[in-house]
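Okay, final_8.txt is below, compact mmCIF, C-alpha atoms:
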# COMPACT_ATOMS: atom_id res chain seq x y z
CA MET M 269 0.00 0.00 0.00
CA PRO M 270 1.16 3.56 -0.51
CA GLN M 271 3.03 4.69 2.55
CA ALA M 272 0.81 7.74 3.15
CA PHE M 273 -2.30 5.54 3.29
CA THR M 274 -0.86 2.97 5.66
CA VAL M 275 0.90 5.44 7.95
CA SER M 276 -1.62 8.20 8.47
CA GLY M 277 -4.10 8.42 5.60
CA ARG M 278 -3.19 12.07 5.21
CA GLY M 279 -2.29 11.76 1.55
CA LEU M 280 0.80 11.79 -0.58
CA THR M 281 1.68 15.40 0.21
CA ALA M 282 1.84 14.91 3.99
CA PRO M 283 5.66 14.63 4.02
CA TYR M 284 5.84 18.10 2.46
CA GLU M 285 3.68 19.76 5.09
CA GLY M 286 4.98 23.19 6.06
CA GLN M 287 6.69 23.88 2.74
CA GLU M 288 6.24 27.50 1.77
CA ASN M 289 5.44 26.89 -1.89
CA LEU M 290 3.00 23.99 -1.45
CA LEU M 291 -0.62 24.20 -2.53
CA VAL M 292 -2.72 21.11 -1.74
CA VAL M 293 -6.30 20.26 -2.60
CA HIS M 294 -7.93 17.98 -0.01
CA THR M 295 -11.15 16.39 -1.22
CA CYS M 296 -13.98 16.13 1.26
CA GLY M 297 -16.06 13.52 -0.52
CA LYS M 298 -15.50 9.81 -0.02
CA ALA M 299 -13.28 9.70 3.06
CA LEU M 300 -14.92 12.57 4.92
CA GLY M 301 -18.45 11.83 3.79
CA ALA M 302 -19.15 15.41 2.72
CA ALA M 303 -18.63 17.27 -0.55
CA GLY M 304 -16.27 19.77 -2.09
CA ALA M 305 -12.65 20.31 -1.22
CA LEU M 306 -10.27 22.37 0.87
CA VAL M 307 -7.28 24.18 -0.51
CA THR M 308 -4.35 24.62 1.85
CA ALA M 309 -1.45 26.89 1.06
CA SER M 310 1.00 29.37 2.52
CA GLY M 311 -0.21 32.88 3.27
CA VAL M 312 1.24 34.28 0.02
CA LEU M 313 -0.41 31.62 -2.15
CA ARG M 314 -3.68 31.95 -0.23
CA ASP M 315 -3.73 35.72 -0.66
CA PHE M 316 -2.98 35.34 -4.37
CA MET M 317 -5.86 32.91 -4.81
CA VAL M 318 -8.32 35.03 -2.84
CA ASN M 319 -7.47 38.14 -4.85
CA ARG M 320 -6.56 36.87 -8.33
CA CYS M 321 -8.06 33.48 -9.14
CA ARG M 322 -11.30 34.15 -11.02
CA PRO M 323 -12.71 30.61 -10.59
CA PHE M 324 -12.24 30.92 -6.84
CA ILE M 325 -13.54 34.49 -6.64
CA PHE M 326 -16.71 33.76 -8.61
CA ALA M 327 -17.40 30.30 -7.22
CA THR M 328 -20.43 29.76 -5.04
CA ALA M 329 -19.44 29.34 -1.42
CA PRO M 330 -20.11 25.94 0.11
CA SER M 331 -23.05 25.49 2.43
CA PRO M 332 -22.27 26.10 6.11
CA LEU M 333 -23.68 22.60 6.70
CA ILE M 334 -20.90 21.15 4.50
CA ALA M 335 -18.29 23.09 6.50
CA VAL M 336 -19.69 21.66 9.75
CA ALA M 337 -19.74 18.12 8.30
CA VAL M 338 -16.10 18.43 7.16
CA ARG M 339 -15.01 19.84 10.53
CA GLU M 340 -16.76 17.03 12.43
CA ALA M 341 -15.31 14.36 10.11
CA MET M 342 -11.81 15.75 10.62
CA LEU M 343 -12.32 15.73 14.40
CA ILE M 344 -13.43 12.10 14.25
CA LEU M 345 -10.29 11.22 12.25
CA GLN M 346 -8.11 12.93 14.87
CA GLN M 347 -9.91 11.56 17.93
CA GLU M 348 -10.62 8.02 16.71
CA PRO M 349 -7.56 6.72 14.84
CA GLU M 350 -8.78 3.16 15.39
CA ARG M 351 -11.34 3.75 12.62
CA GLN M 352 -8.56 4.29 10.12
CA GLN M 353 -6.75 1.20 11.35
CA ARG M 354 -9.93 -0.89 10.98
CA LEU M 355 -10.31 0.31 7.39
CA ILE M 356 -6.67 -0.49 6.62
CA GLU M 357 -7.22 -4.00 8.01
CA LEU M 358 -10.43 -4.43 5.99
CA VAL M 359 -8.66 -3.34 2.79
CA ALA M 360 -5.83 -5.83 3.43
CA PHE M 361 -8.35 -8.58 4.18
CA THR M 362 -10.24 -7.85 0.96
CA HIS M 363 -7.08 -7.97 -1.12
CA ARG M 364 -6.11 -11.30 0.46
CA GLN M 365 -9.55 -12.72 -0.27
CA MET M 366 -9.38 -11.47 -3.86
CA LYS M 367 -5.99 -13.08 -4.28
CA ASN M 368 -7.43 -16.36 -2.94
CA VAL M 369 -9.91 -16.44 -5.83
CA GLY M 370 -7.19 -15.55 -8.33
CA TRP M 371 -7.91 -11.84 -8.81
CA LYS M 372 -5.33 -9.11 -8.68
CA SER M 373 -6.09 -5.48 -8.05
CA SER M 374 -4.08 -2.53 -9.26
CA SER M 375 -5.28 -0.58 -6.24
CA ASN M 376 -4.06 -0.65 -2.68
CA SER M 377 -6.72 1.72 -1.41
CA GLN M 378 -10.27 1.23 -0.20
CA ILE M 379 -11.50 1.84 -3.75
CA ILE M 380 -10.92 -1.38 -5.66
CA PRO M 381 -11.53 -1.63 -9.40
CA TYR M 382 -12.69 -4.95 -10.82
CA MET M 383 -11.83 -4.79 -14.51
CA VAL M 384 -14.51 -6.07 -16.90
CA GLY M 385 -13.63 -4.37 -20.20
CA ASP M 386 -16.98 -4.43 -22.00
CA ASN M 387 -19.40 -1.62 -21.08
CA ALA M 388 -22.60 -3.65 -21.30
CA ARG M 389 -21.16 -6.53 -19.28
CA ALA M 390 -19.84 -4.17 -16.61
CA MET M 391 -23.25 -2.55 -16.19
CA GLN M 392 -25.02 -5.93 -16.24
CA LEU M 393 -22.67 -7.23 -13.55
CA ALA M 394 -23.16 -4.08 -11.46
CA SER M 395 -26.96 -4.44 -11.74
CA ALA M 396 -26.81 -8.09 -10.74
CA LEU M 397 -24.73 -7.28 -7.67
CA GLN M 398 -26.99 -4.38 -6.74
CA ALA M 399 -29.98 -6.71 -6.98
CA ARG M 400 -28.19 -8.91 -4.43
CA GLY M 401 -27.82 -5.96 -2.04
CA PHE M 402 -24.31 -4.74 -2.83
CA ASP M 403 -23.81 -1.06 -3.68
CA ILE M 404 -21.25 -1.61 -6.42
CA ARG M 405 -21.19 0.78 -9.36
CA GLY M 406 -20.28 0.17 -12.97
CA ILE M 407 -17.79 2.67 -14.34
CA ARG M 408 -17.46 3.10 -18.11
CA PRO M 409 -16.27 5.64 -20.68
CA PRO M 410 -15.91 8.54 -20.69
CA THR M 411 -15.02 8.24 -16.99
CA VAL M 412 -12.45 5.55 -17.87
CA PRO M 413 -10.70 4.81 -21.19
CA ALA M 414 -12.60 2.80 -23.81
CA GLY M 415 -12.29 -0.93 -23.26
CA THR M 416 -11.61 -0.60 -19.52
CA ALA M 417 -15.13 -0.62 -18.08
CA ARG M 418 -15.04 -1.83 -14.50
CA LEU M 419 -16.81 -2.20 -11.23
CA ARG M 420 -15.88 0.16 -8.43
CA ILE M 421 -15.83 -1.59 -5.08
CA SER M 422 -15.66 1.00 -2.31
CA LEU M 423 -14.96 -0.33 1.16
CA THR M 424 -16.21 1.57 4.18
CA LEU M 425 -16.50 0.90 7.88
CA ASN M 426 -20.17 0.11 7.28
CA VAL M 427 -19.16 -3.41 6.21
CA GLY M 428 -17.20 -6.19 7.85
CA GLU M 429 -15.27 -9.25 6.76
CA ALA M 430 -18.44 -11.35 6.42
CA ASP M 431 -19.90 -8.73 4.06
CA VAL M 432 -16.71 -8.73 1.99
CA ARG M 433 -16.77 -12.54 1.75
CA ALA M 434 -20.43 -12.47 0.69
CA MET M 435 -19.77 -9.77 -1.89
CA LEU M 436 -16.82 -11.67 -3.36
CA ASP M 437 -18.86 -14.91 -3.46
CA ALA M 438 -21.63 -13.04 -5.29
CA LEU M 439 -19.10 -11.48 -7.64
CA VAL M 440 -17.65 -14.89 -8.48
CA GLU M 441 -21.13 -16.32 -9.13
CA GLU M 442 -22.33 -13.38 -11.19
CA THR M 443 -19.07 -13.16 -13.14
CA GLU M 444 -19.32 -16.83 -14.09
CA GLY M 445 -22.88 -16.29 -15.31
CA ILE M 446 -22.46 -12.98 -17.11
CA LEU M 447 -18.95 -13.06 -18.53
CA ARG M 448 -19.20 -16.44 -20.27
Now that the file is in, can you turn its structure into structure tokens?
Amino acid sequence: MPQAFTVSGRGLTAPYEGQENLLVVHTCGKALGAAGALVTASGVLRDFMVNRCRPFIFATAPSPLIAVAVREAMLILQQEPERQQRLIELVAFTHRQMKNVGWKSSSNSQIIPYMVGDNARAMQLASALQARGFDIRGIRPPTVPAGTARLRISLTLNVGEADVRAMLDALVEETEGILR
């Protein structure tokens, strides 16, 4: 797994924290359960953006509710590091289980692509898994390059090892039926 994910989950730029010329965009979607993003930068870069960057100046401000949700999510991350550790363990478990059925993943994160290739088959497989109670989405062009349609498996702390096993069993069964 990438070092930043396994060590602190703070992202690939964490080792550069404090650098004067660093501008970082932190997304607030999947991991924080909110929307939008935060931009962190030194005072000079921040002042430049506030005064000169037209997209920033004319953008609609986020809802105060989103700001509260992001703040609370960040507090939870700071105060409950065991959550992050549980997710890291669940990701490792999932990758081991996938390897046991002969699948390799190019991802080491909690978002695991299952490559299908054909658009129609990817969407059919996603629908079949959704019908079995798994919230797995089909991803196809233009989001991904042509010929690389896939399923996006997103692990969260709302599932456990038994859920992962059941999902992989269903994926094996549905793959055998659909991809013949």
Exercise. Any idea what's packed within 7 Å of range 372-388 of chain M, counting only C-alpha atoms, ignoring anything in its chain fewer than 4 positions away? Could you give it as a PyMOL selection string?
Worked result: chain M and resi 269+359+366-367+392+408+415-423
Dump as a PDB file, in the frame of the given file, selection limited to C-alpha atoms:
ATOM      1  CA  MET M 269       0.000   0.000   0.000  1.00  0.00           C
ATOM      2  CA  VAL M 359      -8.660  -3.340   2.790  1.00  0.00           C
ATOM      3  CA  MET M 366      -9.380 -11.470  -3.860  1.00  0.00           C
ATOM      4  CA  LYS M 367      -5.990 -13.080  -4.280  1.00  0.00           C
ATOM      5  CA  GLN M 392     -25.020  -5.930 -16.240  1.00  0.00           C
ATOM      6  CA  ARG M 408     -17.460   3.100 -18.110  1.00  0.00           C
ATOM      7  CA  GLY M 415     -12.290  -0.930 -23.260  1.00  0.00           C
ATOM      8  CA  THR M 416     -11.610  -0.600 -19.520  1.00  0.00           C
ATOM      9  CA  ALA M 417     -15.130  -0.620 -18.080  1.00  0.00           C
ATOM     10  CA  ARG M 418     -15.040  -1.830 -14.500  1.00  0.00           C
ATOM     11  CA  LEU M 419     -16.810  -2.200 -11.230  1.00  0.00           C
ATOM     12  CA  ARG M 420     -15.880   0.160  -8.430  1.00  0.00           C
ATOM     13  CA  ILE M 421     -15.830  -1.590  -5.080  1.00  0.00           C
ATOM     14  CA  SER M 422     -15.660   1.000  -2.310  1.00  0.00           C
ATOM     15  CA  LEU M 423     -14.960  -0.330   1.160  1.00  0.00           C
TER      16      LEU M 423
END
For this session: Find the spatial neighbours of Val293 in chain M, counting all atoms listed in the file, within a cut-off of 7 Å - ignore same-chain residues fewer than 3 positions away - and output them as an MDAnalysis selection string.
Result: chainID M and resid 305:308
For this session: Show which residues sit within 8 Å of range 310-327 of chain M, as a ChimeraX atom specification. Count all atoms listed in the file, and ignore same-chain residues fewer than 6 positions away.
Result: /M:287-291
Seminar exercise, completed: From CA of Ile404 in chain M to CA of Val336 in chain M the spacing works out at 28.4 Å
Problem set entry | Top pick for closest residue to Arg339 in chain M, considering M:Ala302, M:Ala309, M:Leu397, M:Met435 and counting only C-alpha atoms |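 Ranking M:Ala302, M:Ala309, M:Leu397, M:Met435 by distance to Arg339 in chain M, first place goes to M:Ala302.
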Seminar exercise, completed: Students should find that CA of Leu280 in chain M and CA of Asn426 in chain M are spaced 25.3 Å
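The gap separating CA of Ala394 in chain M from CA of Arg364 in chain M is 22.0 Å, in Å to one decimal.
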Exercise. Taking only C-alpha atoms into account, which of M:Pro330, M:Pro410, M:Gly301, M:Gly401 comes nearest Met342 in chain M?
Worked result: M:Gly301
Exercise. So, counting all atoms listed in the file, which residue among M:Thr362, M:Gly370, M:Leu425, M:Ala390 is closest to Lys298 in chain M?
Worked result: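 Selected residue with least distance to Lys298 in chain M: M:Leu425.
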Using all atoms listed in the file, which residues sit within 12 Å of Leu333 in chain M once same-chain residues fewer than 4 positions away are excluded, as a compact mmCIF listing (two decimals) with C-alpha atoms, in the coordinates of the input?
# COMPACT_ATOMS: atom_id res chain seq x y z
CA ALA M 302 -19.15 15.41 2.72
CA ALA M 303 -18.63 17.27 -0.55
CA GLY M 304 -16.27 19.77 -2.09
CA ALA M 329 -19.44 29.34 -1.42
CA ALA M 337 -19.74 18.12 8.30
CA VAL M 338 -16.10 18.43 7.16
CA ARG M 339 -15.01 19.84 10.53
CA GLU M 340 -16.76 17.03 12.43
For this session: Please provide as number ranges by chain all residues within 9 Å of Ala299 in chain M, with the sequence filter that same-chain residues fewer than 4 positions apart are discarded (counting all atoms listed in the file).
Result: M: 295, 341, 424
Problem set entry | Using only C-alpha atoms: which of M:Glu285, M:Asp431, M:Glu444, M:Glu357 has the shortest distance to Arg389 in chain M | M:Glu444
Please return the centre and edge lengths, in Å to one decimal, of a box with edges along x, y and z that contains all listed atoms of range 416-435 of chain M, widened by 8 Å on every side, as JSON.
{"center_x": -16.0, "center_y": -5.5, "center_z": -5.8, "size_x": 24.8, "size_y": 30.1, "size_z": 43.4}
